[in-house]
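Student: Below you'll find final_30.csv; it's CSV, C-alpha atoms.
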chain,number,residue,atom,x,y,z
A,1,MET,CA,-20.2,14.6,2.0
A,2,ALA,CA,-19.3,13.1,5.4
A,3,GLY,CA,-15.7,14.2,5.3
A,4,VAL,CA,-16.4,17.7,4.1
A,5,GLN,CA,-19.2,18.2,6.6
A,6,THR,CA,-17.0,17.0,9.5
A,7,ALA,CA,-14.3,19.5,8.6
A,8,VAL,CA,-16.8,22.3,8.3
A,9,ALA,CA,-18.6,21.4,11.5
A,10,LEU,CA,-15.3,21.4,13.4
A,11,ARG,CA,-14.7,25.0,12.4
A,12,GLU,CA,-18.3,26.0,13.0
A,13,GLN,CA,-18.1,24.5,16.5
A,14,GLY,CA,-14.9,26.3,17.4
A,15,TRP,CA,-12.1,23.9,16.7
A,16,LYS,CA,-8.9,26.0,16.5
A,17,GLY,CA,-6.5,23.2,15.6
A,18,ARG,CA,-5.3,22.1,12.2
A,19,VAL,CA,-7.8,20.3,10.0
A,20,THR,CA,-6.6,18.1,7.1
A,21,LEU,CA,-9.0,16.4,4.7
A,22,LEU,CA,-7.5,13.5,2.8
A,23,GLY,CA,-9.4,12.3,-0.3
A,24,ALA,CA,-8.5,9.4,-2.7
A,25,GLU,CA,-10.1,11.2,-5.7
A,26,PRO,CA,-8.2,14.1,-7.4
A,27,HIS,CA,-11.3,16.2,-7.8
A,28,GLN,CA,-12.4,19.0,-5.6
A,29,PRO,CA,-14.9,17.6,-3.0
A,30,TYR,CA,-18.3,17.1,-4.6
A,31,ASP,CA,-21.8,16.0,-3.8
A,32,ARG,CA,-22.9,12.6,-5.1
A,33,PRO,CA,-26.7,12.8,-5.8
A,34,PRO,CA,-26.4,14.9,-9.0
A,35,LEU,CA,-24.1,12.2,-10.5
A,36,SER,CA,-27.2,10.1,-11.4
A,37,LYS,CA,-29.1,13.2,-12.6
A,38,ALA,CA,-27.7,16.5,-13.9
A,39,VAL,CA,-24.0,15.4,-14.2
A,40,LEU,CA,-24.9,12.2,-16.0
A,41,LEU,CA,-27.2,14.0,-18.4
A,42,GLY,CA,-24.6,16.7,-19.1
A,43,THR,CA,-26.7,19.6,-17.7
A,44,ALA,CA,-24.0,20.2,-15.1
A,45,GLU,CA,-20.3,19.7,-15.3
A,46,SER,CA,-19.7,18.9,-11.7
A,47,SER,CA,-21.3,19.1,-8.3
A,48,ALA,CA,-18.4,20.5,-6.3
A,49,PHE,CA,-19.3,21.8,-2.8
A,50,GLU,CA,-19.4,25.6,-2.5
A,51,VAL,CA,-17.0,25.6,0.5
A,52,ASP,CA,-14.2,28.0,0.8
A,53,PHE,CA,-11.7,25.6,2.3
A,54,PRO,CA,-8.7,28.0,2.5
A,55,ALA,CA,-10.9,30.6,4.3
A,56,LEU,CA,-11.9,27.9,6.8
A,57,GLY,CA,-8.3,26.8,7.3
A,58,ILE,CA,-9.1,23.3,6.0
A,59,GLU,CA,-6.1,21.7,4.2
A,60,LEU,CA,-7.1,19.5,1.2
A,61,GLU,CA,-4.9,16.5,0.3
A,62,LEU,CA,-6.5,15.3,-2.9
A,63,GLY,CA,-5.6,12.2,-4.8
A,64,ARG,CA,-4.1,10.7,-1.6
A,65,ARG,CA,-5.6,7.3,-0.7
A,66,VAL,CA,-5.2,6.1,2.8
A,67,THR,CA,-4.0,2.4,2.9
A,68,ALA,CA,-3.7,1.5,6.5
A,69,LEU,CA,-4.2,2.8,10.1
A,70,ARG,CA,-1.7,2.5,12.9
A,71,PRO,CA,-3.7,3.8,15.9
A,72,ASP,CA,-1.0,3.1,18.5
A,73,GLU,CA,1.2,5.6,16.7
A,74,HIS,CA,-1.6,7.9,15.7
A,75,LEU,CA,-0.7,7.5,12.0
A,76,VAL,CA,-2.5,6.8,8.8
A,77,GLU,CA,-0.5,5.3,6.0
A,78,THR,CA,-0.7,6.6,2.4
A,79,ALA,CA,1.4,5.9,-0.7
A,80,GLU,CA,3.1,9.2,-0.2
A,81,GLY,CA,4.0,8.5,3.4
A,82,PRO,CA,2.4,8.5,6.8
A,83,VAL,CA,0.2,11.3,8.2
A,84,ALA,CA,0.0,12.0,11.9
A,85,TYR,CA,-3.2,12.8,13.7
A,86,ASP,CA,-4.5,13.8,17.2
A,87,ARG,CA,-8.1,12.9,16.2
A,88,LEU,CA,-9.0,10.8,13.2
A,89,VAL,CA,-12.4,10.7,11.5
A,90,ILE,CA,-13.0,7.8,9.1
A,91,ALA,CA,-15.3,8.9,6.4
A,92,THR,CA,-14.3,6.6,3.6
A,93,GLY,CA,-17.9,5.9,2.5
A,94,ALA,CA,-19.0,2.8,0.5
A,95,GLU,CA,-18.0,1.2,-2.7
A,96,PRO,CA,-20.2,-0.5,-5.3
A,97,VAL,CA,-20.5,-4.2,-5.3
A,98,THR,CA,-19.2,-5.6,-8.6
A,99,LEU,CA,-20.8,-8.3,-10.6
A,100,PRO,CA,-18.6,-11.4,-10.6
A,101,GLY,CA,-17.0,-12.2,-13.9
A,102,THR,CA,-17.1,-8.6,-15.3
A,103,ASP,CA,-13.6,-7.5,-14.6
A,104,GLY,CA,-12.0,-6.4,-17.9
A,105,VAL,CA,-15.3,-6.9,-19.9
A,106,PRO,CA,-15.7,-3.8,-22.1
A,107,GLY,CA,-18.8,-1.7,-21.7
A,108,VAL,CA,-19.5,-2.6,-18.1
A,109,TYR,CA,-19.9,0.4,-15.8
A,110,LEU,CA,-20.5,1.4,-12.1
A,111,LEU,CA,-22.0,4.7,-10.9
A,112,ARG,CA,-20.5,6.0,-7.7
A,113,THR,CA,-17.9,8.7,-8.6
A,114,LEU,CA,-17.6,11.7,-10.8
A,115,ASP,CA,-15.3,9.8,-13.1
A,116,ASP,CA,-17.9,7.0,-13.3
A,117,ALA,CA,-20.6,9.6,-14.4
A,118,GLU,CA,-18.2,11.1,-17.0
A,119,ARG,CA,-17.5,7.7,-18.5
A,120,LEU,CA,-21.2,7.0,-18.7
A,121,ARG,CA,-22.2,10.3,-20.2
A,122,PRO,CA,-21.2,9.4,-23.8
A,123,VAL,CA,-23.4,6.3,-23.5
A,124,LEU,CA,-26.4,8.4,-22.9
A,125,GLU,CA,-25.4,11.0,-25.5
A,126,GLY,CA,-25.1,8.2,-28.0
A,127,ARG,CA,-28.6,6.8,-27.1
A,128,ARG,CA,-27.1,3.3,-26.7
A,129,ARG,CA,-28.8,0.1,-25.8
A,130,VAL,CA,-28.4,-0.2,-22.1
A,131,VAL,CA,-28.9,-3.1,-19.7
A,132,VAL,CA,-29.1,-2.2,-16.0
A,133,VAL,CA,-28.4,-5.0,-13.5
A,134,GLY,CA,-30.3,-4.3,-10.3
A,135,ALA,CA,-33.6,-2.5,-9.8
A,136,GLY,CA,-32.6,-0.7,-6.6
A,137,TRP,CA,-32.4,3.0,-6.1
A,138,ILE,CA,-29.3,3.6,-8.3
A,139,GLY,CA,-30.7,1.3,-11.0
A,140,ALA,CA,-34.0,3.1,-11.1
A,141,GLU,CA,-32.4,6.6,-11.2
A,142,PHE,CA,-29.9,5.6,-13.9
A,143,ALA,CA,-32.7,4.0,-16.0
A,144,THR,CA,-34.7,7.2,-15.6
A,145,ALA,CA,-31.8,9.3,-16.9
A,146,ALA,CA,-31.1,6.9,-19.7
A,147,ARG,CA,-34.7,6.9,-20.9
A,148,GLU,CA,-34.7,10.7,-20.7
A,149,ALA,CA,-31.6,10.7,-23.0
A,150,GLY,CA,-33.4,8.4,-25.5
A,151,CYS,CA,-31.6,5.1,-24.7
A,152,ALA,CA,-33.3,1.8,-25.0
A,153,VAL,CA,-33.2,0.4,-21.4
A,154,THR,CA,-33.7,-3.0,-19.9
A,155,VAL,CA,-33.5,-3.6,-16.2
A,156,VAL,CA,-32.8,-7.1,-14.9
A,157,GLU,CA,-33.5,-7.9,-11.3
A,158,ALA,CA,-32.8,-11.2,-9.5
A,159,ALA,CA,-35.7,-10.7,-7.1
A,160,ASP,CA,-39.4,-10.7,-7.9
A,161,ARG,CA,-39.8,-7.0,-7.7
A,162,PRO,CA,-37.9,-3.7,-7.7
A,163,LEU,CA,-36.4,-2.4,-4.4
A,164,ALA,CA,-36.7,-5.8,-2.9
A,165,GLY,CA,-34.0,-5.1,-0.4
A,166,ALA,CA,-35.5,-1.8,0.7
A,167,LEU,CA,-39.3,-2.1,0.8
A,168,PRO,CA,-41.8,-4.8,1.6
A,169,ALA,CA,-43.3,-6.6,-1.4
A,170,GLU,CA,-46.8,-5.1,-1.0
A,171,ILE,CA,-45.2,-1.6,-1.3
A,172,ALA,CA,-42.6,-2.2,-4.0
A,173,GLU,CA,-45.0,-4.1,-6.3
A,174,HIS,CA,-46.8,-0.8,-7.0
A,175,MET,CA,-43.6,0.6,-8.4
A,176,THR,CA,-43.3,-2.0,-11.1
A,177,ASP,CA,-45.6,-0.3,-13.5
A,178,TRP,CA,-43.4,2.9,-13.3
A,179,TYR,CA,-40.8,1.1,-15.5
A,180,ALA,CA,-43.2,0.2,-18.3
A,181,ALA,CA,-44.8,3.6,-18.3
A,182,SER,CA,-41.4,5.2,-18.9
A,183,GLY,CA,-40.6,2.8,-21.8
A,184,THR,CA,-38.2,0.8,-19.7
A,185,ARG,CA,-38.3,-3.0,-19.9
A,186,LEU,CA,-38.2,-4.6,-16.4
A,187,MET,CA,-37.3,-8.2,-16.1
A,188,THR,CA,-37.7,-9.7,-12.6
A,189,ASP,CA,-36.7,-13.1,-11.3
A,190,ALA,CA,-33.8,-12.7,-13.8
A,191,ARG,CA,-30.4,-13.8,-12.8
A,192,VAL,CA,-27.3,-12.9,-14.7
A,193,ALA,CA,-25.2,-15.9,-15.7
A,194,ALA,CA,-22.5,-14.0,-17.6
A,195,VAL,CA,-21.7,-10.7,-19.2
A,196,GLU,CA,-19.7,-10.6,-22.4
A,197,ALA,CA,-18.8,-7.8,-24.8
A,198,GLY,CA,-22.1,-6.6,-26.3
A,199,ALA,CA,-24.5,-8.8,-24.3
A,200,VAL,CA,-25.8,-10.0,-21.0
A,201,LEU,CA,-26.7,-13.7,-20.7
A,202,LEU,CA,-29.4,-14.7,-18.2
A,203,ALA,CA,-29.6,-18.0,-16.3
A,204,ASP,CA,-32.7,-19.0,-18.3
A,205,GLY,CA,-30.7,-18.7,-21.6
A,206,THR,CA,-32.0,-15.3,-22.6
A,207,ARG,CA,-29.4,-13.2,-24.4
A,208,LEU,CA,-29.8,-9.4,-24.1
A,209,THR,CA,-27.9,-7.2,-26.5
A,210,ALA,CA,-26.2,-4.3,-24.8
A,211,ASP,CA,-23.9,-1.5,-25.9
A,212,ALA,CA,-23.4,-0.8,-22.2
A,213,VAL,CA,-24.1,-2.5,-18.9
A,214,LEU,CA,-24.7,-0.6,-15.7
A,215,VAL,CA,-24.2,-2.6,-12.5
A,216,GLY,CA,-26.2,-1.4,-9.5
A,217,ILE,CA,-26.4,-4.3,-7.1
A,218,GLY,CA,-25.6,-2.5,-3.9
A,219,ALA,CA,-22.6,-1.0,-2.0
A,220,ARG,CA,-20.4,-2.1,0.9
A,221,PRO,CA,-18.5,0.0,3.4
A,222,THR,CA,-15.0,0.9,2.3
A,223,THR,CA,-13.2,-0.5,5.4
A,224,ALA,CA,-10.9,-3.2,4.1
A,225,TRP,CA,-8.0,-0.8,4.6
A,226,LEU,CA,-8.6,-1.0,8.4
A,227,ALA,CA,-7.4,-4.6,8.6
A,228,GLY,CA,-5.0,-5.1,11.5
A,229,SER,CA,-5.8,-1.7,13.0
A,230,GLY,CA,-7.9,-3.0,15.9
A,231,VAL,CA,-10.9,-0.9,14.8
A,232,GLU,CA,-13.8,-3.2,15.3
A,233,LEU,CA,-16.0,-4.0,12.3
A,234,CYS,CA,-19.5,-5.4,12.2
A,235,PRO,CA,-20.3,-8.5,10.1
A,236,ASP,CA,-21.6,-6.2,7.3
A,237,GLY,CA,-18.2,-4.6,7.1
A,238,SER,CA,-19.2,-1.3,8.7
A,239,VAL,CA,-17.1,0.3,11.4
A,240,ARG,CA,-18.8,-0.4,14.8
A,241,ALA,CA,-19.3,3.1,16.1
A,242,ASP,CA,-21.0,4.0,19.4
A,243,GLU,CA,-23.8,6.5,20.1
A,244,ARG,CA,-21.3,9.4,19.6
A,245,LEU,CA,-19.8,7.8,16.5
A,246,ARG,CA,-16.6,6.8,18.4
A,247,THR,CA,-14.8,3.6,17.3
A,248,SER,CA,-13.2,0.9,19.4
A,249,ARG,CA,-9.8,2.7,19.2
A,250,PRO,CA,-9.2,6.0,21.2
A,251,ASP,CA,-9.3,9.2,19.2
A,252,VAL,CA,-10.8,7.5,16.2
A,253,TYR,CA,-14.3,8.3,14.9
A,254,ALA,CA,-16.3,7.0,11.9
A,255,VAL,CA,-19.2,8.7,10.1
A,256,GLY,CA,-21.3,8.3,7.0
A,257,ASP,CA,-21.7,5.3,4.8
A,258,CYS,CA,-18.8,3.4,6.4
A,259,ALA,CA,-20.2,3.4,9.9
A,260,SER,CA,-23.1,1.8,11.8
A,261,PHE,CA,-24.4,3.1,15.1
A,262,PRO,CA,-26.8,1.9,17.8
A,263,SER,CA,-30.2,3.5,17.6
A,264,THR,CA,-32.2,3.7,20.9
A,265,ARG,CA,-35.2,5.0,18.9
A,266,TYR,CA,-35.4,1.7,16.8
A,267,GLY,CA,-33.7,-0.7,19.2
A,268,GLU,CA,-31.1,-1.9,16.7
A,269,ARG,CA,-27.8,-1.0,15.0
A,270,LEU,CA,-28.3,1.0,11.8
A,271,LEU,CA,-26.1,1.3,8.7
A,272,ILE,CA,-27.5,4.0,6.5
A,273,HIS,CA,-26.1,4.6,3.0
A,274,HIS,CA,-27.9,7.9,2.4
A,275,TRP,CA,-27.0,11.6,2.0
A,276,ASP,CA,-28.8,12.9,5.1
A,277,ASN,CA,-26.8,10.6,7.4
A,278,ALA,CA,-23.6,11.9,5.9
A,279,LEU,CA,-24.9,15.4,6.6
A,280,GLN,CA,-26.0,15.0,10.2
A,281,GLY,CA,-23.5,12.6,11.7
A,282,PRO,CA,-20.5,15.0,11.3
A,283,ARG,CA,-22.2,17.5,13.7
A,284,THR,CA,-22.1,14.8,16.4
A,285,VAL,CA,-18.5,13.9,15.7
A,286,ALA,CA,-17.4,17.6,15.8
A,287,ALA,CA,-19.3,18.2,19.0
A,288,ASP,CA,-17.6,15.3,20.7
A,289,ILE,CA,-14.2,16.3,19.5
A,290,VAL,CA,-14.7,20.0,20.5
A,291,GLU,CA,-16.7,19.6,23.7
A,292,GLY,CA,-15.9,16.1,24.9
A,293,ALA,CA,-18.1,13.1,25.7
A,294,ALA,CA,-19.7,14.7,28.7
A,295,GLU,CA,-21.2,17.5,26.6
A,296,GLY,CA,-21.5,16.0,23.1
A,297,PRO,CA,-24.9,14.9,21.7
A,298,ILE,CA,-25.9,11.3,21.2
A,299,TYR,CA,-26.5,10.4,17.5
A,300,ASP,CA,-29.9,8.8,17.0
A,301,PRO,CA,-31.5,10.5,13.9
A,302,VAL,CA,-34.7,9.7,12.0
A,303,PRO,CA,-33.2,8.3,8.8
A,304,TYR,CA,-34.2,10.1,5.7
A,305,PHE,CA,-33.6,9.7,2.0
A,306,TRP,CA,-35.2,10.6,-1.4
A,307,SER,CA,-35.1,9.4,-4.9
A,308,GLU,CA,-36.2,10.9,-8.2
A,309,GLN,CA,-37.3,8.2,-10.6
A,310,PHE,CA,-39.7,7.9,-13.6
A,311,GLY,CA,-41.2,11.3,-13.0
A,312,ARG,CA,-41.8,10.7,-9.3
A,313,PHE,CA,-40.3,12.2,-6.2
A,314,VAL,CA,-40.0,9.4,-3.6
A,315,GLN,CA,-39.2,10.2,0.0
A,316,TYR,CA,-38.7,8.0,3.1
A,317,ALA,CA,-38.2,8.9,6.7
A,318,GLY,CA,-37.7,6.5,9.6
A,319,HIS,CA,-37.1,2.7,9.8
A,320,HIS,CA,-40.1,0.4,9.3
A,321,ALA,CA,-38.6,-2.8,10.6
A,322,GLY,CA,-40.5,-3.8,13.7
A,323,ALA,CA,-43.7,-1.9,12.8
A,324,ASP,CA,-46.9,-3.8,13.5
A,325,THR,CA,-49.4,-1.6,11.5
A,326,ARG,CA,-49.3,-0.2,8.0
A,327,VAL,CA,-51.6,2.6,6.9
A,328,TRP,CA,-52.1,3.6,3.3
A,329,ARG,CA,-52.8,7.2,2.4
A,330,GLY,CA,-54.2,7.5,-1.2
A,331,ASP,CA,-54.3,5.1,-4.1
A,332,PRO,CA,-50.9,3.5,-4.9
A,333,ALA,CA,-51.9,3.2,-8.5
A,334,GLY,CA,-52.1,7.0,-8.6
A,335,ALA,CA,-49.5,9.7,-8.9
A,336,SER,CA,-49.3,10.6,-5.2
A,337,TRP,CA,-49.7,8.4,-2.1
A,338,SER,CA,-48.1,7.6,1.2
A,339,VAL,CA,-47.6,4.7,3.6
A,340,CYS,CA,-47.3,5.1,7.3
A,341,TRP,CA,-45.8,2.4,9.6
A,342,LEU,CA,-46.8,2.3,13.2
A,343,ARG,CA,-45.4,0.4,16.2
A,344,GLY,CA,-47.8,0.3,19.2
A,345,GLY,CA,-49.6,3.2,17.6
A,346,GLU,CA,-46.5,5.3,17.3
A,347,LEU,CA,-45.4,6.5,13.9
A,348,VAL,CA,-42.0,5.0,13.1
A,349,ALA,CA,-41.6,5.4,9.3
A,350,LEU,CA,-43.3,7.0,6.3
A,351,LEU,CA,-42.9,6.6,2.6
A,352,ALA,CA,-44.2,9.5,0.5
A,353,VAL,CA,-44.6,9.4,-3.3
A,354,GLY,CA,-45.4,12.9,-4.6
A,355,ARG,CA,-46.7,14.0,-1.2
A,356,PRO,CA,-43.9,16.2,0.3
A,357,ARG,CA,-46.2,17.6,2.9
A,358,ASP,CA,-46.8,14.1,4.3
A,359,LEU,CA,-43.1,13.6,4.5
A,360,ALA,CA,-42.4,17.0,6.2
A,361,GLN,CA,-45.1,16.5,8.8
A,362,GLY,CA,-44.4,12.8,9.3
A,363,ARG,CA,-40.7,13.3,9.9
A,364,LYS,CA,-41.4,15.7,12.7
A,365,LEU,CA,-44.0,13.3,14.2
A,366,ILE,CA,-41.5,10.4,14.1
A,367,GLU,CA,-38.9,12.6,15.9
A,368,ARG,CA,-41.3,13.3,18.7
A,369,GLY,CA,-42.7,9.8,19.0
A,370,ALA,CA,-46.3,10.8,18.1
A,371,ARG,CA,-49.1,8.3,18.2
A,372,LEU,CA,-51.6,8.4,15.3
A,373,ASP,CA,-55.3,7.5,14.9
A,374,PRO,CA,-55.0,4.9,12.1
A,375,ASP,CA,-58.4,5.8,10.7
A,376,ARG,CA,-57.7,9.5,10.4
A,377,ALA,CA,-54.3,8.8,9.1
A,378,ALA,CA,-55.7,6.7,6.3
A,379,ASP,CA,-57.7,9.7,5.0
A,380,PRO,CA,-55.3,11.4,2.5
A,381,SER,CA,-57.3,14.6,2.9
A,382,VAL,CA,-56.5,14.8,6.6
A,383,PRO,CA,-53.1,16.4,7.3
A,384,LEU,CA,-50.9,13.9,9.2
A,385,LYS,CA,-50.5,16.2,12.1
A,386,ALA,CA,-54.3,16.3,12.5
A,387,ALA,CA,-54.3,12.5,13.0
A,388,VAL,CA,-52.2,12.7,16.1
A,389,LEU,CA,-53.8,11.3,19.3
A,390,ARG,CA,-53.9,13.9,22.0
As structure tokens, what does this structure read like?
Tutor:
Amino acid sequence: MAGVQTAVALREQGWKGRVTLLGAEPHQPYDRPPLSKAVLLGTAESSAFEVDFPALGIELELGRRVTALRPDEHLVETAEGPVAYDRLVIATGAEPVTLPGTDGVPGVYLLRTLDDAERLRPVLEGRRRVVVVGAGWIGAEFATAAREAGCAVTVVEAADRPLAGALPAEIAEHMTDWYAASGTRLMTDARVAAVEAGAVLLADGTRLTADAVLVGIGARPTTAWLAGSGVELCPDGSVRADERLRTSRPDVYAVGDCASFPSTRYGERLLIHHWDNALQGPRTVAADIVEGAAEGPIYDPVPYFWSEQFGRFVQYAGHHAGADTRVWRGDPAGASWSVCWLRGGELVALLAVGRPRDLAQGRKLIERGARLDPDRAADPSVPLKAAVLR
């Protein structure tokens, strides 16, 4: 997404020079969200972008993995030889974290690429017994698809609740019942000791029979190839980009899942592994390349993502770290509810479950720094925009 959108944005903003898009995968560039849904379930063969690359003058170099960067020479290295650049945009995304000890174990899968989804499709078609390691966003979405396909699914999570790394306990605990209601077994405080052919062994001695094991325990920026390049990385492995997504080396930018950036809005550096970030960031990069730093916009978005899991549409906007007030809208035991986070009365983040209007209004209010009346905001019958303090 980030690479394709950067190439397209360059043309839209008037870049007349040559544009080359290098991609490690052999497939036509594609969108990732459908991989855990329609592509995985076999209701769609692919999710290729509907972009006419030849018409835009964008040269695709597919199946060509970049292995190193030599910025002093303005070259990137590939197995097929070096590629010269005037401006380089790093959009290498993120790669799944693997479970130690699972290399070479049959029946262990990841879900990040089109090839991953195609390898997993027969598992769902065969209605196999599946163990999912990790109750994060990917784990929940895969479990949803596997249950829809008729698989017996067990999800094991080392933390005491699902989405432990993404949401506070008092929010995530209300999502626990979603698993049981779908027929999915959720085991929390469950650490994996080993994975062997046909089984997952837990630290407490429990042995779970599994025809397939899906590992969904997070992702890390794909930046190891930048070693020795002088491009500065953060402790989390992300490229340290500035407010216009420029890196520490001249003429080199970074965008999407591989890059973090400083947010004035939230007062901290953000690393966002979500689709919307890969859609919006390229516009800033393209503007800086075409117009120059004096004219280009500063990148400081309101983060946004969504997830479809267990029959619910979950949306989130903003960044709740640093909030001092939490406001519930509706009953979290019900089918639709929202949570607002305020900082000094200002709306900074919102989670909406089955309440898309709350999300749409809330996202705009966050963007403009609106202050809310907590009492009015707590009434789910009151539109969020009507709870703004004048």
Student: Please return the centre and edge lengths, in Å to one decimal, of a box with edges along x, y and z that contains all listed atoms of range 344-354 of chain A, widened by 4 Å on every side, as AutoDock Vina command-line options.
Tutor:
--center_x -45.6 --center_y 6.6 --center_z 7.3 --size_x 16.0 --size_y 20.6 --size_z 31.8
Student: I need the residue nearest Glu61 in chain A from this list: A:Thr92, A:Ala44, A:Cys258, A:Glu25. Use all atoms listed in the file for the distance.
Tutor: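 Using all atoms listed in the file, Glu61 in chain A sits closest to A:Glu25.
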Student: Can you list every residue of range 187-243 of chain A that has an atom at most 8 Å from range 120-135 of chain A, with its nearest atom pair and the distance in Å to one decimal, using only C-alpha atoms, ordered by chain then number, as CSV?
Tutor:
residue,atom,partner,partner_atom,distance
A:Val200,CA,A:Val131,CA,7.7
A:Leu208,CA,A:Val131,CA,7.7
A:Thr209,CA,A:Arg129,CA,7.4
A:Ala210,CA,A:Arg129,CA,5.2
A:Asp211,CA,A:Arg129,CA,5.2
A:Ala212,CA,A:Val130,CA,5.0
A:Val213,CA,A:Val131,CA,4.9
A:Leu214,CA,A:Val132,CA,4.7
A:Val215,CA,A:Val133,CA,4.9
A:Gly216,CA,A:Gly134,CA,5.1
A:Ile217,CA,A:Gly134,CA,5.0
Student: Create the file for the chosen residues now, containing C-alpha atoms and written as an mmCIF file, keeping the file's coordinate frame.
Tutor:
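Printed below is selection_0.cif as written:
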data_model
loop_
_atom_site.group_PDB
_atom_site.id
_atom_site.type_symbol
_atom_site.label_atom_id
_atom_site.label_comp_id
_atom_site.auth_asym_id
_atom_site.auth_seq_id
_atom_site.Cartn_x
_atom_site.Cartn_y
_atom_site.Cartn_z
ATOM 1 C CA VAL A 200 -25.800 -10.000 -21.000
ATOM 2 C CA LEU A 208 -29.800 -9.400 -24.100
ATOM 3 C CA THR A 209 -27.900 -7.200 -26.500
ATOM 4 C CA ALA A 210 -26.200 -4.300 -24.800
ATOM 5 C CA ASP A 211 -23.900 -1.500 -25.900
ATOM 6 C CA ALA A 212 -23.400 -0.800 -22.200
ATOM 7 C CA VAL A 213 -24.100 -2.500 -18.900
ATOM 8 C CA LEU A 214 -24.700 -0.600 -15.700
ATOM 9 C CA VAL A 215 -24.200 -2.600 -12.500
ATOM 10 C CA GLY A 216 -26.200 -1.400 -9.500
ATOM 11 C CA ILE A 217 -26.400 -4.300 -7.100
#
Student: At what distance in Å, to one decimal, does CA of Ala117 in chain A lie from CA of Tyr179 in chain A?
Tutor: 21.9 Å
Student: Neighbouring residues of range 305-312 of chain A were defined as those with any atom within 9 Å, considering only C-alpha atoms; residues of the same chain fewer than 3 positions away were excluded. Please report them as a list in words.
Tutor: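 Those residues are Lys37, Trp137, Ile138, Ala140, Glu141, Phe142, Ala143, Thr144, Ala145, Arg147, Trp178, Tyr179, Ala181, Ser182, His274, Trp275, Asp276, Asn277, Gln315, Tyr316, Ala317, Ala335, Ser336, Val353 and Gly354 of chain A.
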Student: Go ahead and write the residues just picked, C-alpha atoms, as a compact mmCIF listing (two decimals), in the coordinates of the input.
Tutor:
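Output file again09.txt follows:
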# COMPACT_ATOMS: atom_id res chain seq x y z
CA LYS A 37 -29.10 13.20 -12.60
CA TRP A 137 -32.40 3.00 -6.10
CA ILE A 138 -29.30 3.60 -8.30
CA ALA A 140 -34.00 3.10 -11.10
CA GLU A 141 -32.40 6.60 -11.20
CA PHE A 142 -29.90 5.60 -13.90
CA ALA A 143 -32.70 4.00 -16.00
CA THR A 144 -34.70 7.20 -15.60
CA ALA A 145 -31.80 9.30 -16.90
CA ARG A 147 -34.70 6.90 -20.90
CA TRP A 178 -43.40 2.90 -13.30
CA TYR A 179 -40.80 1.10 -15.50
CA ALA A 181 -44.80 3.60 -18.30
CA SER A 182 -41.40 5.20 -18.90
CA HIS A 274 -27.90 7.90 2.40
CA TRP A 275 -27.00 11.60 2.00
CA ASP A 276 -28.80 12.90 5.10
CA ASN A 277 -26.80 10.60 7.40
CA GLN A 315 -39.20 10.20 0.00
CA TYR A 316 -38.70 8.00 3.10
CA ALA A 317 -38.20 8.90 6.70
CA ALA A 335 -49.50 9.70 -8.90
CA SER A 336 -49.30 10.60 -5.20
CA VAL A 353 -44.60 9.40 -3.30
CA GLY A 354 -45.40 12.90 -4.60
Student: Contacts of Asp31 in chain A at 7 Å or less, counting all atoms listed in the file, minus same-chain residues fewer than 3 places along, as a list in words?
Tutor: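 Contacts, in chain order: Met1, Ser47, Ala48 and Phe49 of chain A.
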Student: Closest to Pro96 in chain A among A:Gly230, A:Pro235, A:Pro221, A:Pro380, using all atoms listed in the file?
Tutor: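 Using all atoms listed in the file, the shortest distance to Pro96 in chain A belongs to A:Pro221.
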Student: Quote the spacing between CA of Asp324 in chain A and CA of Ala349 in chain A in Å to one decimal place.
Tutor: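 One can read the CA of Asp324 in chain A to CA of Ala349 in chain A distance as 11.4 Å.
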Student: Would you mind telling me which residue in A:His273, A:Arg191, A:Arg283, A:Arg220 lies nearest to Thr6 in chain A when using all atoms listed in the file?
Tutor: A:Arg283
Student: For Gly150 in chain A, which residue out of A:Pro54, A:Leu41, A:Leu69, A:Pro374 is the nearest one, using only C-alpha atoms?
Tutor: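 Checking each of A:Pro54, A:Leu41, A:Leu69, A:Pro374 against Gly150 in chain A, counting only C-alpha atoms, the winner is A:Leu41.
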Student: Kindly indicate which residue among A:Arg246, A:Arg326, A:Lys385, A:Arg112 lies nearest to Ala287 in chain A, using only C-alpha atoms for the distances.
Tutor: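 The answer is A:Arg246, which sits nearest to Ala287 in chain A.
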Student: Find, counting only C-alpha atoms, the residue in A:Val339, A:Val388, A:Leu62, A:Ile366 that gets nearest to Glu170 in chain A.
Tutor: A:Val339
Student: Report the distance between CA of Cys151 in chain A and CA of Thr184 in chain A in Å, rounded to one decimal place.
Tutor: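 Calculated distance between CA of Cys151 in chain A and CA of Thr184 in chain A is 9.3 Å.
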Student: Just want the 8 Å neighbourhood of Leu359 in chain A, counted on all atoms listed in the file, with same-chain residues fewer than 2 positions away dropped. Output as a list of chain:residue names.
Tutor: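 Surrounding residues, per the criterion: A:Gln315, A:Tyr316, A:Ala317, A:Leu350, A:Leu351, A:Ala352, A:Arg355, A:Pro356, A:Arg357, A:Gln361, A:Gly362, A:Arg363.
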Student: Around the point (-13.3, 9.7, -0.1) (coordinates from the file), which residues reach within 9 Å if we count only C-alpha atoms? Answer as a PyMOL selection string.
Tutor: chain A and resi 1-3+22-25+29+65+91-94
